[in-house]
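Enquirer: Please find input27.pdb (PDB, C-alpha atoms and all ligand atoms) on the next line:
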MODEL        1
ATOM      1  CA  MET I   1      -4.006   3.634 -29.849
ATOM      2  CA  THR I   2      -4.889   0.908 -32.262
ATOM      3  CA  GLU I   3      -6.850  -2.064 -31.055
ATOM      4  CA  ASP I   4      -3.935  -4.513 -31.303
ATOM      5  CA  LYS I   5      -1.604  -2.274 -29.277
ATOM      6  CA  PHE I   6      -4.108  -1.933 -26.496
ATOM      7  CA  LYS I   7      -5.203  -5.337 -25.338
ATOM      8  CA  ARG I   8      -7.885  -4.516 -22.828
ATOM      9  CA  ASP I   9      -7.996  -7.955 -21.269
ATOM     10  CA  GLU I  10      -4.268  -8.020 -20.646
ATOM     11  CA  ASP I  11      -3.188  -4.545 -19.702
ATOM     12  CA  LEU I  12      -5.827  -2.726 -17.734
ATOM     13  CA  PHE I  13      -3.337  -0.567 -15.872
ATOM     14  CA  CYS I  14      -1.030   0.612 -18.581
ATOM     15  CA  PRO I  15       2.613   1.676 -18.524
ATOM     16  CA  GLY I  16       3.363   5.321 -19.245
ATOM     17  CA  HIS I  17       1.677   6.743 -16.147
ATOM     18  CA  ARG I  18       3.589   9.286 -14.047
ATOM     19  CA  ALA I  19       3.967   7.423 -10.753
ATOM     20  CA  CYS I  20       7.483   7.401  -9.264
ATOM     21  CA  PRO I  21       9.758   4.401  -9.838
ATOM     22  CA  GLY I  22       9.102   1.859  -7.104
ATOM     23  CA  CYS I  23       5.637   3.249  -6.302
ATOM     24  CA  GLY I  24       3.814   0.629  -4.240
ATOM     25  CA  ALA I  25       0.428   2.106  -5.081
ATOM     26  CA  ALA I  26       1.067   1.781  -8.825
ATOM     27  CA  LEU I  27       1.975  -1.871  -8.320
ATOM     28  CA  ALA I  28      -1.176  -2.328  -6.228
ATOM     29  CA  SER I  29      -3.251  -0.729  -8.996
ATOM     30  CA  LYS I  30      -1.863  -3.102 -11.570
ATOM     31  CA  LEU I  31      -2.584  -6.097  -9.348
ATOM     32  CA  VAL I  32      -6.121  -4.864  -8.685
ATOM     33  CA  THR I  33      -6.936  -4.673 -12.400
ATOM     34  CA  GLU I  34      -5.404  -8.108 -12.991
ATOM     35  CA  ALA I  35      -7.784  -9.484 -10.369
ATOM     36  CA  THR I  36     -10.919  -7.557 -11.350
ATOM     37  CA  GLY I  37     -10.711  -7.869 -15.129
ATOM     38  CA  PRO I  38     -12.269  -5.376 -17.538
ATOM     39  CA  GLN I  39     -15.909  -5.491 -16.378
ATOM     40  CA  THR I  40     -15.142  -3.092 -13.586
ATOM     41  CA  ILE I  41     -16.183   0.417 -12.635
ATOM     42  CA  LEU I  42     -13.541   1.959 -10.440
ATOM     43  CA  SER I  43     -14.161   5.008  -8.320
ATOM     44  CA  MET I  44     -11.070   6.913  -7.185
ATOM     45  CA  PRO I  45     -10.691  10.085  -5.161
ATOM     46  CA  THR I  46      -7.836  12.533  -5.346
ATOM     47  CA  GLY I  47      -4.408  11.237  -4.387
ATOM     48  CA  CYS I  48      -1.183  10.114  -6.010
ATOM     49  CA  MET I  49      -2.835   7.396  -8.045
ATOM     50  CA  GLU I  50      -5.377   9.766  -9.486
ATOM     51  CA  VAL I  51      -2.953  12.541 -10.441
ATOM     52  CA  THR I  52      -0.294  10.241 -11.859
ATOM     53  CA  THR I  53      -2.593   8.035 -13.913
ATOM     54  CA  THR I  54      -5.023  10.514 -15.424
ATOM     55  CA  PRO I  55      -3.360  13.716 -16.622
ATOM     56  CA  TYR I  56      -5.966  15.091 -19.042
ATOM     57  CA  PRO I  57      -6.520  13.890 -21.751
ATOM     58  CA  GLU I  58      -4.722  10.637 -20.953
ATOM     59  CA  SER I  59      -5.589   7.689 -18.759
ATOM     60  CA  ALA I  60      -3.614   4.626 -17.725
ATOM     61  CA  TRP I  61      -6.822   2.776 -16.894
ATOM     62  CA  GLY I  62      -8.395   0.171 -19.135
ATOM     63  CA  VAL I  63     -11.373  -0.204 -16.805
ATOM     64  CA  SER I  64     -14.166   2.346 -16.472
ATOM     65  CA  TRP I  65     -12.793   4.911 -14.080
ATOM     66  CA  ILE I  66     -14.506   7.751 -12.234
ATOM     67  CA  HIS I  67     -12.646  10.497 -10.465
ATOM     68  CA  ASN I  68     -14.375  12.125  -7.561
ATOM     69  CA  ILE I  69     -13.523  14.365  -4.672
ATOM     70  CA  PHE I  70     -11.809  13.122  -1.558
ATOM     71  CA  GLU I  71     -14.965  12.917   0.506
ATOM     72  CA  ASN I  72     -17.167  10.782  -1.668
ATOM     73  CA  ALA I  73     -15.422   7.922  -3.482
ATOM     74  CA  ALA I  74     -17.529   5.368  -1.618
ATOM     75  CA  SER I  75     -20.783   7.307  -2.189
ATOM     76  CA  VAL I  76     -20.098   7.501  -5.915
ATOM     77  CA  ALA I  77     -19.416   3.758  -6.115
ATOM     78  CA  GLY I  78     -22.552   3.071  -4.078
ATOM     79  CA  GLY I  79     -24.565   5.322  -6.391
ATOM     80  CA  VAL I  80     -23.274   3.622  -9.512
ATOM     81  CA  GLU I  81     -24.011   0.214  -8.020
ATOM     82  CA  THR I  82     -27.554   1.315  -7.152
ATOM     83  CA  ALA I  83     -28.060   2.692 -10.653
ATOM     84  CA  TYR I  84     -27.128  -0.683 -12.131
ATOM     85  CA  ARG I  85     -29.701  -2.372  -9.906
ATOM     86  CA  ALA I  86     -32.299   0.068 -11.220
ATOM     87  CA  PHE I  87     -31.255  -0.587 -14.822
ATOM     88  CA  ASP I  88     -31.710  -4.307 -14.247
ATOM     89  CA  LYS I  89     -35.340  -3.741 -13.420
ATOM     90  CA  ARG I  90     -35.992  -1.645 -16.510
ATOM     91  CA  ASP I  91     -34.982  -1.826 -20.122
ATOM     92  CA  LYS I  92     -31.262  -2.400 -19.759
ATOM     93  CA  LYS I  93     -30.402  -2.086 -23.388
ATOM     94  CA  GLY I  94     -26.733  -1.163 -23.667
ATOM     95  CA  TYR I  95     -25.930  -1.892 -20.030
ATOM     96  CA  MET I  96     -24.327  -4.931 -18.493
ATOM     97  CA  ASP I  97     -26.172  -6.850 -15.795
ATOM     98  CA  HIS I  98     -25.473  -5.696 -12.268
ATOM     99  CA  ASP I  99     -24.100  -9.141 -11.419
ATOM    100  CA  ASP I 100     -21.560  -8.967 -14.245
ATOM    101  CA  VAL I 101     -19.980  -5.714 -13.105
ATOM    102  CA  ASN I 102     -17.433  -5.216 -10.317
ATOM    103  CA  PHE I 103     -17.993  -2.012  -8.361
ATOM    104  CA  VAL I 104     -14.677  -1.023  -6.821
ATOM    105  CA  VAL I 105     -13.209   1.925  -4.956
ATOM    106  CA  MET I 106      -9.489   2.436  -4.783
ATOM    107  CA  ALA I 107      -8.354   5.207  -2.466
ATOM    108  CA  GLY I 108      -5.345   6.317  -0.430
ATOM    109  CA  ASP I 109      -5.087   6.158   3.344
ATOM    110  CA  GLY I 110      -5.757   9.894   3.737
ATOM    111  CA  ALA I 111      -8.908   9.529   1.669
ATOM    112  CA  THR I 112      -9.940   6.408   3.569
ATOM    113  CA  PHE I 113      -8.902   6.805   7.205
ATOM    114  CA  ASP I 114      -9.601  10.546   7.404
ATOM    115  CA  ILE I 115     -11.357  12.592   4.777
ATOM    116  CA  GLY I 116     -13.613   9.972   3.155
ATOM    117  CA  ILE I 117     -14.428   7.935   6.251
ATOM    118  CA  ARG I 118     -17.989   9.286   6.462
ATOM    119  CA  SER I 119     -18.931   8.216   2.970
ATOM    120  CA  LEU I 120     -17.119   4.896   3.446
ATOM    121  CA  SER I 121     -19.070   4.291   6.647
ATOM    122  CA  GLY I 122     -22.346   5.155   4.919
ATOM    123  CA  MET I 123     -21.623   2.889   1.966
ATOM    124  CA  MET I 124     -20.802  -0.011   4.301
ATOM    125  CA  GLU I 125     -23.832   0.629   6.492
ATOM    126  CA  ARG I 126     -26.212   0.741   3.521
ATOM    127  CA  GLY I 127     -24.799  -2.562   2.315
ATOM    128  CA  HIS I 128     -23.773  -1.609  -1.217
ATOM    129  CA  ASP I 129     -22.204  -4.306  -3.332
ATOM    130  CA  VAL I 130     -18.865  -2.475  -3.450
ATOM    131  CA  LEU I 131     -15.283  -3.573  -2.849
ATOM    132  CA  TYR I 132     -13.368  -0.752  -1.180
ATOM    133  CA  ILE I 133      -9.573  -1.035  -1.512
ATOM    134  CA  CYS I 134      -7.363   1.327   0.451
ATOM    135  CA  TYR I 135      -3.790   1.595  -0.785
ATOM    136  CA  ASP I 136      -1.957   2.415   2.381
ATOM    137  CA  ASN I 137       1.227   4.448   1.998
ATOM    138  CA  GLU I 138       0.793   5.833   5.491
ATOM    139  CA  ALA I 139       0.610   9.570   4.692
ATOM    140  CA  TYR I 140      -0.818  12.211   2.353
ATOM    141  CA  MET I 141       1.862  11.732  -0.261
ATOM    142  CA  ASN I 142       0.459  13.661  -3.183
ATOM    143  CA  THR I 143       0.457  16.978  -1.369
ATOM    144  CA  GLY I 144       3.919  16.591   0.136
ATOM    145  CA  ILE I 145       4.062  13.828   2.764
ATOM    146  CA  GLN I 146       1.722  15.077   5.491
ATOM    147  CA  ARG I 147       0.786  12.678   8.276
ATOM    148  CA  SER I 148      -2.564  10.907   8.157
ATOM    149  CA  SER I 149      -4.229   8.810  10.836
ATOM    150  CA  SER I 150      -2.543   5.847   9.157
ATOM    151  CA  THR I 151       0.985   7.157   9.803
ATOM    152  CA  PRO I 152       2.756   4.930  12.352
ATOM    153  CA  ILE I 153       4.355   6.385  15.483
ATOM    154  CA  GLY I 154       7.933   7.487  15.023
ATOM    155  CA  ALA I 155       7.587   8.277  11.317
ATOM    156  CA  ALA I 156       8.766  11.720  10.233
ATOM    157  CA  THR I 157       6.446  13.522   7.838
ATOM    158  CA  THR I 158       6.264  17.211   6.937
ATOM    159  CA  THR I 159       3.538  17.735   9.557
ATOM    160  CA  SER I 160       5.091  15.377  12.127
ATOM    161  CA  PRO I 161       8.715  16.314  11.547
ATOM    162  CA  ALA I 162      11.560  14.909  13.596
ATOM    163  CA  GLY I 163      13.510  17.645  15.349
ATOM    164  CA  GLU I 164      14.666  18.863  18.710
ATOM    165  CA  GLU I 165      11.185  18.739  20.181
ATOM    166  CA  SER I 166       9.766  15.843  18.268
ATOM    167  CA  LEU I 167      10.456  12.222  17.415
ATOM    168  CA  GLY I 168       8.045  12.178  14.503
ATOM    169  CA  GLU I 169       4.433  11.021  14.615
ATOM    170  CA  ASP I 170       3.215  10.470  18.160
ATOM    171  CA  ILE I 171      -0.285   9.086  17.619
ATOM    172  CA  HIS I 172      -0.844   5.401  16.947
ATOM    173  CA  LYS I 173      -2.003   4.231  13.543
ATOM    174  CA  LYS I 174      -5.784   3.910  13.331
ATOM    175  CA  ASP I 175      -7.040   0.329  13.137
ATOM    176  CA  MET I 176      -9.122   0.855  10.022
ATOM    177  CA  PRO I 177      -9.757  -2.846   9.207
ATOM    178  CA  SER I 178     -11.422  -3.289  12.625
ATOM    179  CA  ILE I 179     -13.535  -0.177  12.013
ATOM    180  CA  ALA I 180     -14.664  -1.663   8.709
ATOM    181  CA  ALA I 181     -15.356  -5.031  10.365
ATOM    182  CA  ALA I 182     -17.412  -3.288  13.064
ATOM    183  CA  HIS I 183     -19.869  -2.322  10.312
ATOM    184  CA  GLY I 184     -20.733  -6.016  10.090
ATOM    185  CA  LEU I 185     -18.793  -6.690   6.912
ATOM    186  CA  GLU I 186     -18.637 -10.253   5.713
ATOM    187  CA  TYR I 187     -15.121  -9.779   4.396
ATOM    188  CA  VAL I 188     -12.228  -7.582   5.496
ATOM    189  CA  ALA I 189      -8.580  -8.248   4.657
ATOM    190  CA  THR I 190      -5.152  -6.717   4.740
ATOM    191  CA  ALA I 191      -2.614  -7.431   2.028
ATOM    192  CA  SER I 192       0.771  -6.328   0.760
ATOM    193  CA  VAL I 193       2.331  -5.654  -2.610
ATOM    194  CA  ALA I 194       5.150  -7.962  -1.466
ATOM    195  CA  TYR I 195       2.699 -10.886  -1.702
ATOM    196  CA  PRO I 196       0.985 -10.225  -5.031
ATOM    197  CA  GLU I 197      -0.772 -13.563  -5.454
ATOM    198  CA  ASP I 198      -2.190 -13.347  -1.952
ATOM    199  CA  PHE I 199      -3.455  -9.833  -2.683
ATOM    200  CA  LYS I 200      -5.034 -10.811  -5.999
ATOM    201  CA  ASN I 201      -6.683 -13.867  -4.429
ATOM    202  CA  LYS I 202      -8.175 -11.630  -1.755
ATOM    203  CA  VAL I 203      -9.553  -9.216  -4.365
ATOM    204  CA  GLU I 204     -11.046 -12.120  -6.322
ATOM    205  CA  LYS I 205     -12.524 -13.673  -3.193
ATOM    206  CA  ALA I 206     -14.012 -10.350  -2.093
ATOM    207  CA  LEU I 207     -15.649  -9.824  -5.466
ATOM    208  CA  GLU I 208     -17.464 -13.150  -5.113
ATOM    209  CA  ILE I 209     -19.225 -11.820  -2.037
ATOM    210  CA  GLU I 210     -22.377  -9.723  -2.399
ATOM    211  CA  GLY I 211     -22.302  -6.591  -0.245
ATOM    212  CA  PRO I 212     -19.595  -4.244   1.046
ATOM    213  CA  LYS I 213     -16.026  -5.522   1.408
ATOM    214  CA  TYR I 214     -12.846  -3.789   2.589
ATOM    215  CA  ILE I 215      -9.223  -4.595   1.680
ATOM    216  CA  GLN I 216      -6.240  -2.572   2.854
ATOM    217  CA  VAL I 217      -3.045  -3.063   0.881
ATOM    218  CA  PHE I 218       0.354  -1.968   2.139
ATOM    219  CA  ALA I 219       2.032   0.161  -0.532
ATOM    220  CA  PRO I 220       5.508   1.630   0.103
ATOM    221  CA  CYS I 221       6.273   5.155  -1.085
ATOM    222  CA  PRO I 222      10.012   5.627  -1.798
ATOM    223  CA  ARG I 223       9.647   9.419  -1.898
ATOM    224  CA  GLY I 224       7.728   9.724   1.349
ATOM    225  CA  TRP I 225       9.429   6.937   3.298
ATOM    226  CA  ARG I 226      12.813   7.926   1.961
ATOM    227  CA  HIS I 227      14.171   4.685   0.670
ATOM    228  CA  ASP I 228      15.687   3.653  -2.611
ATOM    229  CA  SER I 229      12.990   2.882  -5.162
ATOM    230  CA  ARG I 230      14.458  -0.546  -5.818
ATOM    231  CA  ASN I 231      13.717  -1.584  -2.205
ATOM    232  CA  SER I 232       9.943  -1.105  -2.180
ATOM    233  CA  VAL I 233       9.007  -4.768  -2.340
ATOM    234  CA  GLU I 234      11.724  -5.755   0.134
ATOM    235  CA  ILE I 235      10.489  -3.145   2.617
ATOM    236  CA  ALA I 236       6.910  -4.329   2.167
ATOM    237  CA  ARG I 237       8.087  -7.882   2.857
ATOM    238  CA  LEU I 238       9.956  -6.754   5.978
ATOM    239  CA  ALA I 239       6.802  -5.078   7.273
ATOM    240  CA  VAL I 240       5.121  -8.481   7.233
ATOM    241  CA  GLN I 241       8.144 -10.454   8.428
ATOM    242  CA  THR I 242       8.595  -8.206  11.464
ATOM    243  CA  GLY I 243       4.892  -8.194  12.409
ATOM    244  CA  MET I 244       4.597  -4.437  11.759
ATOM    245  CA  TYR I 245       2.010  -4.926   9.033
ATOM    246  CA  PRO I 246       0.301  -8.279   9.498
ATOM    247  CA  ILE I 247      -1.703  -9.610   6.590
ATOM    248  CA  TYR I 248      -4.878 -11.435   7.436
ATOM    249  CA  GLU I 249      -8.505 -12.077   6.558
ATOM    250  CA  MET I 250     -11.493 -11.328   8.791
ATOM    251  CA  GLU I 251     -14.749 -13.026   7.954
ATOM    252  CA  ASP I 252     -17.864 -11.917   9.840
ATOM    253  CA  GLY I 253     -15.614 -10.200  12.336
ATOM    254  CA  GLU I 254     -13.440 -13.238  13.074
ATOM    255  CA  ILE I 255      -9.824 -13.649  11.995
ATOM    256  CA  THR I 256      -9.864 -16.639   9.680
ATOM    257  CA  ASN I 257      -6.483 -16.522   8.002
ATOM    258  CA  VAL I 258      -3.122 -14.989   8.907
ATOM    259  CA  LYS I 259       0.143 -14.969   7.005
ATOM    260  CA  GLU I 260       2.428 -16.748   9.446
ATOM    261  CA  VAL I 261       6.083 -15.824   9.785
ATOM    262  CA  LYS I 262       8.947 -18.139  10.642
ATOM    263  CA  ASP I 263      11.698 -16.511  12.754
ATOM    264  CA  ARG I 264      10.039 -13.110  12.956
ATOM    265  CA  LYS I 265      12.624 -10.365  12.394
ATOM    266  CA  PRO I 266      13.243  -7.444  14.782
ATOM    267  CA  VAL I 267      11.392  -4.252  13.781
ATOM    268  CA  GLU I 268      14.754  -2.480  13.589
ATOM    269  CA  ASP I 269      15.394  -4.296  10.299
ATOM    270  CA  TYR I 270      12.280  -2.663   8.884
ATOM    271  CA  LEU I 271      12.862   0.769  10.429
ATOM    272  CA  LYS I 272      16.520   1.040   9.426
ATOM    273  CA  ALA I 273      15.634   0.564   5.789
ATOM    274  CA  GLN I 274      13.713   3.874   5.704
ATOM    275  CA  GLY I 275      14.763   7.501   6.114
ATOM    276  CA  ARG I 276      11.442   8.398   7.788
ATOM    277  CA  PHE I 277      12.633   6.493  10.911
ATOM    278  CA  LYS I 278      16.306   7.539  10.741
ATOM    279  CA  HIS I 279      16.117   9.981  13.662
ATOM    280  CA  LEU I 280      15.063   7.147  15.983
ATOM    281  CA  PHE I 281      18.556   5.702  15.676
ATOM    282  CA  GLU I 282      20.301   9.061  16.055
ATOM    283  CA  LYS I 283      18.718  10.328  19.262
ATOM    284  CA  ASP I 284      18.793   8.632  22.656
ATOM    285  CA  GLU I 285      15.034   9.111  23.126
ATOM    286  CA  GLY I 286      14.484   7.253  19.863
ATOM    287  CA  GLU I 287      15.218   3.995  21.636
ATOM    288  CA  GLU I 288      11.919   4.183  23.532
ATOM    289  CA  VAL I 289       9.968   4.673  20.306
ATOM    290  CA  ILE I 290      11.725   1.703  18.745
ATOM    291  CA  LYS I 291      10.738  -0.335  21.803
ATOM    292  CA  ASP I 292       7.120   0.832  21.408
ATOM    293  CA  LEU I 293       7.146  -0.198  17.770
ATOM    294  CA  GLN I 294       8.613  -3.590  18.685
ATOM    295  CA  LYS I 295       5.813  -3.953  21.214
ATOM    296  CA  ILE I 296       3.218  -3.214  18.518
ATOM    297  CA  ALA I 297       4.726  -5.990  16.398
ATOM    298  CA  ASP I 298       4.813  -8.381  19.377
ATOM    299  CA  VAL I 299       1.179  -7.691  20.238
ATOM    300  CA  ASN I 300       0.198  -8.207  16.599
ATOM    301  CA  ALA I 301       2.062 -11.504  16.632
ATOM    302  CA  GLU I 302       0.409 -12.649  19.819
ATOM    303  CA  GLU I 303      -3.117 -11.543  19.009
ATOM    304  CA  LEU I 304      -3.106 -12.830  15.455
ATOM    305  CA  GLY I 305      -0.881 -15.875  15.895
ATOM    306  CA  ILE I 306       1.753 -14.776  13.403
ATOM    307  CA  ASP I 307       4.708 -16.761  14.769
ATOM    308  CA  LYS I 308       5.110 -20.101  13.067
TER     309      LYS I 308
HETATM  310  C1  LIG B 401     -11.106  17.960   0.765
HETATM  311  C2  LIG B 401      -9.718  18.021   0.256
HETATM  312  N1  LIG B 401      -8.726  18.261   1.118
HETATM  313  C3  LIG B 401      -7.453  18.272   0.689
HETATM  314  C4  LIG B 401      -7.158  18.064  -0.635
HETATM  315  C5  LIG B 401      -5.724  18.109  -1.112
HETATM  316  N2  LIG B 401      -5.200  16.782  -1.385
HETATM  317  C6  LIG B 401      -5.166  16.276  -2.622
HETATM  318  S1  LIG B 401      -4.432  14.771  -2.707
HETATM  319  C7  LIG B 401      -4.103  14.777  -1.067
HETATM  320  C8  LIG B 401      -3.366  13.644  -0.422
HETATM  321  C9  LIG B 401      -4.050  12.322  -0.537
HETATM  322  O1  LIG B 401      -3.546  11.415   0.400
HETATM  323  P1  LIG B 401      -3.923   9.899   0.297
HETATM  324  O2  LIG B 401      -5.397   9.722   0.237
HETATM  325  O3  LIG B 401      -3.219   9.173   1.388
HETATM  326  O4  LIG B 401      -3.335   9.473  -1.121
HETATM  327  P2  LIG B 401      -1.795   9.555  -1.614
HETATM  328  O5  LIG B 401      -1.551  10.946  -2.092
HETATM  329  O6  LIG B 401      -0.933   9.195  -0.441
HETATM  330  O7  LIG B 401      -1.715   8.581  -2.721
HETATM  331  C10 LIG B 401      -4.590  15.959  -0.466
HETATM  332  C11 LIG B 401      -4.459  16.318   0.960
HETATM  333  C12 LIG B 401      -8.219  17.822  -1.524
HETATM  334  N3  LIG B 401      -8.007  17.578  -2.822
HETATM  335  N4  LIG B 401      -9.491  17.811  -1.046
HETATM  336 MG    MG B 402      -1.453   8.094   1.320
ENDMDL
END
Please rewrite the model in this file as structure tokens.
Ligand SMILES: Cc1ncc(C[n+]2csc(CCOP(=O)(O)OP(=O)(O)O)c2C)c(N)n1
Ligand SMILES: [Mg+2]

Expert:
Amino acid sequence: MTEDKFKRDEDLFCPGHRACPGCGAALASKLVTEATGPQTILSMPTGCMEVTTTPYPESAWGVSWIHNIFENAASVAGGVETAYRAFDKRDKKGYMDHDDVNFVVMAGDGATFDIGIRSLSGMMERGHDVLYICYDNEAYMNTGIQRSSSTPIGAATTTSPAGEESLGEDIHKKDMPSIAAAHGLEYVATASVAYPEDFKNKVEKALEIEGPKYIQVFAPCPRGWRHDSRNSVEIARLAVQTGMYPIYEMEDGEITNVKEVKDRKPVEDYLKAQGRFKHLFEKDEGEEVIKDLQKIADVNAEELGIDK
């Protein structure tokens, strides 16, 4: 591409990638690069965002981008960050100052909650100056919609299918932001692609802080959640408006900011919009699961003070 067609400062996540229409993770990626700017080294493990944005020899990324295996995205980012510290102490000809570079991980929920949690924990414990962003589409989408420990109860996936014996996933979603906060992080936040400015502000705020930071962004997957691709943002908004996916900030372990909701909607509005919860409305036993999910939203609302 010629220089004038490829304006690095403006388009750091470029069109032409292979993500599905309505992909929440692709939208999240674009928002991340808008917030980080070009002086960023992004570490990304395997997952939908990796396979759809970097088919060899192409890349949709205008920031420095490192692919690594599932298990070690956080270790790689921590290693790069440490290398920049070392460069600062020596002749750093040709390298930017450590303080001028953003060290970022972007990884799916499977990579974060399950397979990469050890390296994430180590990176946070060692105190690397790394912002870890999990794009949460609540399953292993790239390999065919298998459940992860982020999948909410009641959701049908290929490994938690709904059928005669099953009502979909039966284990509660792991509270990953609290696990991150328990490492003593100064900044942990949840966000949603339905509130892009809020998300970008959180990324910018996190990057101002020295040390490890964790942001989890809700990213609908039309293919995996079985909804029309045009409804991704609306479904993400409903997740917040029902209390199913609260968005908040935690500073030094304390909740300091919550997106409040006026006239919180029933979770049914959110569930009905997605095929992955369809069986809950077709089987009598589904009613109990819907009640459980409503309870999760109510507890979120009470504990976080969501209701306006
Ligand atoms: C150690 C290891 N196990 C399994 C796989 C196969 N694999 C590749 S991508 C993927 C799914 C990733 O899920 P997630 O991190 O949630 O990202 P998403 O695909 O949903 O974007 C899996 C299981 C792998 N590459 N490496
Ligand atoms: Mg996923």

Enquirer: For ligand MG 402 (chain B), which residue among I:Trp225, I:Tyr214, I:Tyr195, I:Tyr140 is the nearest when counting all atoms listed in the file?

Expert: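 Looking at the shortest contact to ligand MG 402 (chain B), the residue is I:Tyr140.
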
Enquirer: Within 9 Å of ligand MG 402 (chain B), counting all atoms listed in the file: which residues, as an NGL selection string?

Expert: :I and (25 or 47-48 or 107-112 or 135-142 or 145-148 or 150-151 or 219 or 221)

Enquirer: Pull out every residue that the PyMOL selection byres (((chain I and resi 178) around 12) and not hetatm) matches in the shown coordinates and put them as a ChimeraX atom specification.

Expert: /I:113,174-177,179-185,187-190,214-216,248-255

Enquirer: Could you tell me which of I:Pro161, I:Gln274, I:Ile247, I:Glu186 comes closest to I:Lys205 if we count all atoms listed in the file?

Expert: I:Glu186

Enquirer: What box, with edges along x, y and z, holds each listed atom of stretch 35-50 of chain I when 3 Å is added on every side, and can you state its centre and edge lengths in Å to one decimal, as AutoDock Vina command-line options?

Expert:
--center_x -8.7 --center_y 1.5 --center_z -11.0 --size_x 21.0 --size_y 28.0 --size_z 19.2

Enquirer: Quote the spacing between atom CA of I:Ala156 and atom CA of I:Lys283 in Å to one decimal place.

Expert: 13.5 Å

Enquirer: Take the point (-0.3, 2.8, 18.6) in the file's coordinates, draw a sphere of radius 9 Å around it, and report as a list in words every protein, DNA or RNA residue with an atom inside or on it, counting all atoms listed in the file.

Expert: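 The residues near that point, listed by chain and number, are Pro152, Ile153, Asp170, Ile171, His172, Lys173, Lys174, Asp292, Leu293 and Ile296 of chain I.
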
Enquirer: Given all atoms listed in the file as the basis, pick out the residue of I:Ser160, I:Thr82, I:Ser29, I:Thr256 nearest to I:Cys134.

Expert: I:Ser29

Enquirer: Hey, what's within 9 Å of I:Phe87 if we count only C-alpha atoms and toss same-chain stuff fewer than 5 positions away? As JSON, numbers by chain, please?

Expert: {"I": [82, 92, 93, 95, 96, 97, 98]}
